[in-house]
Every structure is written in structure tokens, then in C-alpha cells.
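Below is the file start.txt, which contains compact mmCIF, C-alpha atoms.
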# COMPACT_ATOMS: atom_id res chain seq x y z
CA MET A 187 0.00 0.00 0.00
CA GLY A 188 2.83 2.40 0.92
CA SER A 189 4.59 1.99 -2.44
CA ARG A 190 1.30 2.59 -4.23
CA VAL A 191 0.84 5.94 -2.43
CA GLU A 192 4.40 6.94 -3.28
CA LYS A 193 3.73 6.28 -6.97
CA GLU A 194 0.43 8.17 -7.04
CA THR A 195 1.57 11.29 -5.17
CA PRO A 196 3.96 12.64 -7.89
CA LEU A 197 1.21 12.11 -10.48
CA ARG A 198 -1.26 14.15 -8.45
CA ARG A 199 1.42 16.81 -7.91
CA ASP A 200 2.09 17.02 -11.66
CA ALA A 201 -1.64 17.22 -12.41
CA ARG A 202 -2.09 20.04 -9.89
CA ARG A 203 0.92 21.93 -11.29
CA ASN A 204 -0.37 21.54 -14.86
CA ARG A 205 -3.80 22.81 -13.81
CA GLU A 206 -2.28 25.86 -12.09
CA MET A 207 -0.10 26.64 -15.15
CA LEU A 208 -3.11 26.35 -17.45
CA ILE A 209 -5.20 28.68 -15.28
CA ALA A 210 -2.36 31.24 -15.15
CA ALA A 211 -1.85 31.05 -18.92
CA ALA A 212 -5.58 31.35 -19.58
CA ARG A 213 -5.81 34.39 -17.31
CA GLU A 214 -3.03 36.16 -19.27
CA ILE A 215 -4.47 35.31 -22.68
CA TYR A 216 -8.08 36.05 -21.74
CA THR A 217 -7.09 39.45 -20.35
CA ASP A 218 -5.51 40.41 -23.68
CA GLN A 219 -7.64 38.54 -26.22
CA GLY A 220 -10.96 37.68 -24.59
CA VAL A 221 -12.49 34.31 -23.78
CA ASP A 222 -12.76 33.21 -27.42
CA ALA A 223 -8.96 32.78 -27.56
CA PRO A 224 -8.00 29.36 -28.98
CA LEU A 225 -7.53 26.72 -26.31
CA ASP A 226 -4.45 25.43 -28.10
CA ASP A 227 -2.80 28.84 -27.57
CA ILE A 228 -3.48 28.54 -23.84
CA ALA A 229 -1.89 25.10 -23.72
CA ARG A 230 1.20 26.39 -25.55
CA ARG A 231 1.48 29.39 -23.20
CA ALA A 232 1.33 26.99 -20.24
CA GLY A 233 4.02 24.78 -21.76
CA VAL A 234 1.83 21.65 -21.94
CA GLY A 235 0.16 19.69 -24.70
CA SER A 236 -3.43 20.32 -25.76
CA ALA A 237 -4.37 16.85 -24.55
CA THR A 238 -3.32 17.86 -21.03
CA LEU A 239 -5.67 20.85 -21.14
CA TYR A 240 -8.56 18.65 -22.26
CA ARG A 241 -7.84 16.19 -19.42
CA ARG A 242 -7.76 18.94 -16.78
CA PHE A 243 -10.90 20.76 -17.97
CA ALA A 244 -14.07 19.16 -19.30
CA GLY A 245 -14.93 22.20 -21.41
CA ARG A 246 -14.24 25.86 -22.08
CA ALA A 247 -16.86 26.88 -19.50
CA GLU A 248 -15.05 24.91 -16.77
CA LEU A 249 -11.78 26.66 -17.59
CA ILE A 250 -13.50 30.06 -17.54
CA GLU A 251 -14.99 29.27 -14.12
CA ALA A 252 -11.55 28.33 -12.79
CA VAL A 253 -10.00 31.54 -14.14
CA PHE A 254 -12.70 34.07 -13.25
CA GLY A 255 -14.63 32.53 -10.34
CA ASP A 256 -12.97 34.63 -7.63
CA SER A 257 -13.14 37.95 -9.52
CA LEU A 258 -16.82 37.40 -10.33
CA ARG A 259 -17.52 36.81 -6.66
CA ASP A 260 -15.83 40.15 -5.92
CA ILE A 261 -18.38 41.81 -8.22
CA LEU A 262 -21.17 40.06 -6.33
CA ARG A 263 -19.93 41.72 -3.15
CA ALA A 264 -19.82 45.08 -4.94
CA ALA A 265 -23.45 44.58 -5.93
CA GLU A 266 -24.44 43.94 -2.32
CA GLU A 267 -22.63 47.10 -1.22
CA ALA A 268 -24.32 49.17 -3.92
CA ARG A 269 -27.80 48.03 -2.88
CA SER A 270 -27.11 49.15 0.69
CA ALA A 271 -26.59 52.77 -0.39
CA THR A 272 -29.19 55.16 1.03
CA ASP A 273 -28.87 57.39 -2.04
CA ALA A 274 -29.88 55.02 -4.85
CA TRP A 275 -28.44 57.22 -7.62
CA ALA A 276 -25.08 57.39 -5.86
CA GLY A 277 -25.13 53.63 -5.35
CA LEU A 278 -25.97 53.04 -9.02
CA THR A 279 -23.27 55.32 -10.40
CA ALA A 280 -20.60 53.95 -8.04
CA TYR A 281 -21.51 50.38 -8.97
CA LEU A 282 -21.40 51.06 -12.71
CA GLU A 283 -18.10 52.93 -12.48
CA ARG A 284 -16.60 49.94 -10.69
CA ILE A 285 -17.95 47.53 -13.30
CA PHE A 286 -16.72 49.60 -16.23
CA GLY A 287 -13.29 49.93 -14.67
CA LEU A 288 -13.09 46.13 -14.81
CA LEU A 289 -14.43 46.00 -18.37
CA ALA A 290 -11.75 48.42 -19.51
CA ALA A 291 -8.91 46.59 -17.76
CA ASP A 292 -9.73 43.00 -18.66
CA ARG A 293 -10.96 41.78 -22.06
CA GLY A 294 -11.99 38.42 -20.59
CA THR A 295 -14.18 39.96 -17.90
CA ASN A 296 -15.66 42.21 -20.58
CA ASP A 297 -16.64 39.18 -22.68
CA LEU A 298 -18.24 37.46 -19.71
CA MET A 299 -20.30 40.44 -18.61
CA THR A 300 -21.47 41.70 -22.01
CA THR A 301 -22.34 38.49 -23.87
CA GLY A 302 -24.44 35.41 -23.25
CA ILE A 303 -21.80 32.79 -22.42
CA GLN A 304 -23.47 29.87 -20.65
CA GLY A 305 -22.43 27.10 -18.27
CA VAL A 306 -20.28 29.17 -15.87
CA PRO A 307 -21.83 28.92 -12.36
CA SER A 308 -20.23 32.10 -10.98
CA LEU A 309 -21.34 34.02 -14.07
CA ASP A 310 -24.88 32.66 -13.84
CA ALA A 311 -25.04 33.87 -10.23
CA LEU A 312 -23.59 37.24 -11.24
CA ARG A 313 -26.19 37.79 -13.95
CA LYS A 314 -29.01 37.24 -11.46
CA GLU A 315 -27.37 39.45 -8.85
CA ASN A 316 -26.61 42.16 -11.40
CA HIS A 317 -30.25 42.28 -12.55
CA LYS A 318 -31.40 42.35 -8.94
CA THR A 319 -29.02 45.21 -8.19
CA LEU A 320 -29.96 47.30 -11.22
CA ASP A 321 -33.67 46.70 -10.66
CA ASN A 322 -33.38 47.64 -6.99
CA LEU A 323 -31.31 50.79 -7.51
CA LEU A 324 -33.25 51.93 -10.56
CA GLY A 325 -36.60 51.49 -8.79
CA ARG A 326 -35.45 53.35 -5.69
CA ALA A 327 -33.86 56.12 -7.76
CA GLN A 328 -37.18 56.54 -9.58
CA GLU A 329 -38.99 56.77 -6.26
CA GLN A 330 -36.45 59.40 -5.19
CA GLY A 331 -37.12 61.38 -8.38
CA MET A 332 -33.59 60.86 -9.75
CA VAL A 333 -34.40 58.63 -12.77
CA ARG A 334 -37.04 58.90 -15.49
CA ALA A 335 -40.09 56.79 -14.70
CA ASP A 336 -40.14 54.79 -17.97
CA ALA A 337 -36.60 53.32 -17.69
CA THR A 338 -36.31 49.61 -16.88
CA ALA A 339 -33.53 47.35 -15.67
CA GLU A 340 -33.59 45.66 -19.10
CA ASP A 341 -33.04 49.05 -20.76
CA LEU A 342 -30.03 49.65 -18.57
CA GLN A 343 -28.56 46.16 -19.05
CA PHE A 344 -28.86 46.41 -22.83
CA MET A 345 -27.24 49.85 -22.98
CA LEU A 346 -24.47 48.79 -20.61
CA ALA A 347 -23.73 45.68 -22.69
CA ALA A 348 -23.60 47.74 -25.89
CA LEU A 349 -21.29 50.34 -24.35
CA GLY A 350 -19.22 47.68 -22.61
CA ARG A 351 -18.47 45.92 -25.91
CA ALA A 352 -17.01 49.16 -27.27
CA VAL A 353 -14.76 49.80 -24.26
CA PRO A 354 -11.79 47.57 -25.25
CA GLY A 355 -11.54 49.33 -28.61
CA SER A 356 -11.06 52.72 -26.96
CA THR A 357 -8.66 51.81 -24.16
CA VAL A 358 -5.51 51.73 -26.31
CA ALA A 359 -5.94 55.28 -27.61
CA ALA A 360 -7.84 56.76 -24.66
CA PRO A 361 -7.89 54.53 -21.56
CA LEU A 362 -10.43 56.66 -19.66
CA ALA A 363 -12.77 57.48 -22.56
CA TRP A 364 -15.35 55.07 -21.15
CA ARG A 365 -15.99 57.53 -18.29
CA ARG A 366 -17.32 60.11 -20.76
CA TYR A 367 -19.69 57.69 -22.45
CA LEU A 368 -20.91 56.17 -19.20
CA ALA A 369 -21.67 59.70 -17.98
CA LEU A 370 -23.63 60.42 -21.17
CA LEU A 371 -25.56 57.17 -20.73
CA LEU A 372 -26.38 58.01 -17.13
CA ASP A 373 -27.50 61.51 -18.11
CA GLY A 374 -30.01 59.86 -20.44
CA LEU A 375 -31.66 58.26 -17.40
CA ARG A 376 -32.34 61.61 -15.77
CA PRO A 377 -35.93 62.86 -15.74
CA GLU A 378 -34.99 66.42 -16.75
CA GLY A 379 -35.73 67.03 -20.43
CA SER A 380 -36.74 63.41 -21.08
CA HIS A 381 -39.05 62.62 -24.01
CA PRO A 382 -41.40 59.66 -24.63
CA LEU A 383 -39.52 56.64 -25.94
CA PRO A 384 -40.47 55.36 -29.43
CA ALA A 385 -40.44 51.63 -28.60
CA PRO A 386 -41.11 49.45 -25.54
CA SER A 387 -38.39 48.04 -23.32
CA LEU A 388 -37.06 44.58 -24.05
CA THR A 389 -38.60 41.83 -21.95
CA PRO A 390 -36.23 39.67 -19.85
CA ASP A 391 -36.51 36.87 -22.45
CA GLN A 392 -35.76 39.27 -25.32
CA LEU A 393 -32.77 40.64 -23.46
CA ASN A 394 -31.39 37.13 -22.86
CA ALA A 395 -31.86 36.28 -26.54
CA ALA A 396 -30.03 39.45 -27.57
CA MET A 397 -27.12 38.71 -25.23
CA LEU A 398 -26.83 35.14 -26.49
CA GLN A 399 -26.79 36.38 -30.07
CA LEU A 400 -24.02 38.82 -29.21
CA GLY A 401 -22.05 35.94 -27.72
CA LYS A 402 -22.32 34.02 -31.00
CA VAL A 403 -20.62 36.87 -32.84
CA ARG A 404 -17.44 36.14 -30.84
CA ARG A 405 -17.72 32.38 -31.12
CA PRO A 406 -14.68 30.42 -29.85
CA ARG A 407 -12.48 29.71 -32.83
CA THR A 408 -10.86 26.38 -32.08
CA GLY A 409 -10.48 23.82 -29.35
CA ARG A 410 -12.08 20.48 -28.59
CA ALA A 411 -13.15 21.66 -25.12
CA ASP A 412 -15.76 24.16 -26.42
Could you take the file, read its structure, and then write that structure out as C-alpha cells?
Amino acid sequence: MGSRVEKETPLRRDARRNREMLIAAAREIYTDQGVDAPLDDIARRAGVGSATLYRRFAGRAELIEAVFGDSLRDILRAAEEARSATDAWAGLTAYLERIFGLLAADRGTNDLMTTGIQGVPSLDALRKENHKTLDNLLGRAQEQGMVRADATAEDLQFMLAALGRAVPGSTVAAPLAWRRYLALLLDGLRPEGSHPLPAPSLTPDQLNAAMLQLGKVRRPRTGRAD
């Protein structure tokens, strides 16, 4: 029995080291290229074969969860803090500024939060919490007279996703340009000078369909673990 343990321990150590190297490599590549980066590139960056990646992770979603799980949970905590703000408008703007700071700094996080990638437990929880947060803050801000009465959480999510997708393209030339456009978006929520909107808000189902369609535009290019 003792010799058997001695033989198995190095194997488990190698497997753990390979997993850690793959997660570190994926984090670097996802930050620069987004989560549709080829899995074979991640394996090469980690210095292992593609077969090793496929043994360590059952699919792309499992690798994404391993890479981003902790950072997504940090955003969940930020959402809880935002909802506790007495001034709902201040809570909303602080929350969105924090989110957009992450979208500008990390292409992978941007992909996760602005498209409809499925099968990532931490991301599924974040989507629900994000909607809850926006709905809560928007509703309270409307009650406080700070937001136009016809705006919905779906309106805000759609506009944020659209703006968020454009953020990586501006960061090279103007890293803080997103602050201007977020401010313009937020000004559009104000009741002063608002006009009737020409079309109804998306329903939750329509919003989900739109996000999933956006995710298909950046479909993963290669890799058996998709």
C-alpha cells in the first residue's frame, strides 16, 4: 500500500501543477484577447500539450470558471454594497463605475459580462445578482425622483452591454474614454428634459436572446473543449 501511495503522489502533484499553469496562462491570454482565444494557444502558453488541457478541464466553461470565479464573486460583493446605499443614484453610479473599470482593464471579464456565455456557475449567479441590483437601484432612484419613470432594468442592461463591448476598442488610444460615455448614458436616465420613448423596453426573455446572439458573434475559434 505504501509503495502505491508513493507512486500516485507525484502524479497528483504534476496534475495540480499543470492545472495551475493552465489557469495562469488562460488568465493572461483572456485578459488580452478575450475568452474566445483558442484553447491550443493557452496550452502552448502553459508549456503543456493540448491533450493535457482537455484532461484537466471538461470544457471551455469549466476553464473560464476556474480563471474568473474569484473575480466574479468580488463583483457580487460590490453589488451587495451598492444596494445598501441610502442614495440610490449614488449607489448606481458607483456600482457602474466599478464595473466599467473592470471591463476596460480585462478583455476576458468584458466578454463574460457583455455576452451570453453559458455554463459558468459564478457568471450565472452574477447575472441574477446584477439584474437584482440594477432593478433595486433603478426602482429606488425613480422613487427618489432621480431617474425617469419609464426606464427599466432591461433598458439599462442592454445599454451597458452595448457600451461595454465598445470599451476595449477605446482603451488603447484613450484609456479613460469610457468615463465620458458612461456619464452620457447616465444623463439619459435623468428625468430632466426626457421625451417619450419610441419603442417598448425589451422583456427579460428578449434581453437574454439578444445577449446570447451577441455571444455568438465572438464564437470560440478552435479547441475540442468548447
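The residue that comes closest to Ala232 of chain A, out of A:Ser387, A:Thr357, A:Gln343, A:Asn204 and on the basis of only C-alpha atoms, is A:Asn204.
Nearest residue to Ala360 of chain A among A:Ala335, A:Ala290, A:Arg230, A:Gly379 is A:Ala290, counting all atoms listed in the file.
Between atom CA of Leu393 of chain A and atom CA of Pro224 of chain A lies a distance of 27.8 Å.
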Just the number, please: distance in Å from atom CA of Leu309 of chain A to atom CA of Leu208 of chain A, one decimal. 20.1 Å
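Taking atom CA of His317 of chain A and atom CA of Glu329 of chain A as the two end points, the separation is 18.1 Å.
Distance check against Arg351 of chain A using all atoms listed in the file: of A:Arg198, A:Lys314, A:Arg376, A:Arg293, the minimum falls on A:Arg293.
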Using all atoms listed in the file, determine which residues lie at most 12 Å from segment 240-245 of chain A, disregarding the query and same-chain residues fewer than 2 positions distant; provide the list as a ChimeraX atom specification. /A:198,200-209,212,225-226,228-229,234-238,247-253,304-306,406,409-412
Minimum-distance residue to Arg365 of chain A, chosen among A:Glu315, A:Glu283, A:Asp336, A:Glu267 (using all atoms listed in the file): A:Glu283
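Residues in contact with Asp218 of chain A at up to 12 Å, not including ones fewer than 4 positions away on its chain and judged by only C-alpha atoms, are Ala211, Ala212, Arg213, Glu214, Asp222, Ala223, Leu289, Ala290, Ala291, Asp292, Arg293, Gly294, Thr295, Asn296, Asp297, Pro354, Gly355, Thr357 and Val358 of chain A.
In this comparison, which uses all atoms listed in the file, the residue of A:Leu288, A:Ala352, A:Leu239, A:Ala276 approaching Ile261 of chain A most closely is A:Leu288.
Here the question is which of A:Glu378, A:Asp373, A:Asp310, A:Asp273 gets nearest to Gln330 of chain A using only C-alpha atoms, and that residue is A:Asp273.
Using all atoms listed in the file, the protein and nucleic acid residues lying no more than 12 Å from Met345 of chain A, apart from those fewer than 4 places from it along its own chain, are Leu282, Thr300, Ala337, Thr338, Ala339, Glu340, Asp341, Leu349, Gly350, Arg351, Ala352, Tyr367, Leu368, Leu370, Leu371, Leu372, Gly374, Leu375, Ser387, Leu388, Leu393, Ala396 and Met397 of chain A.
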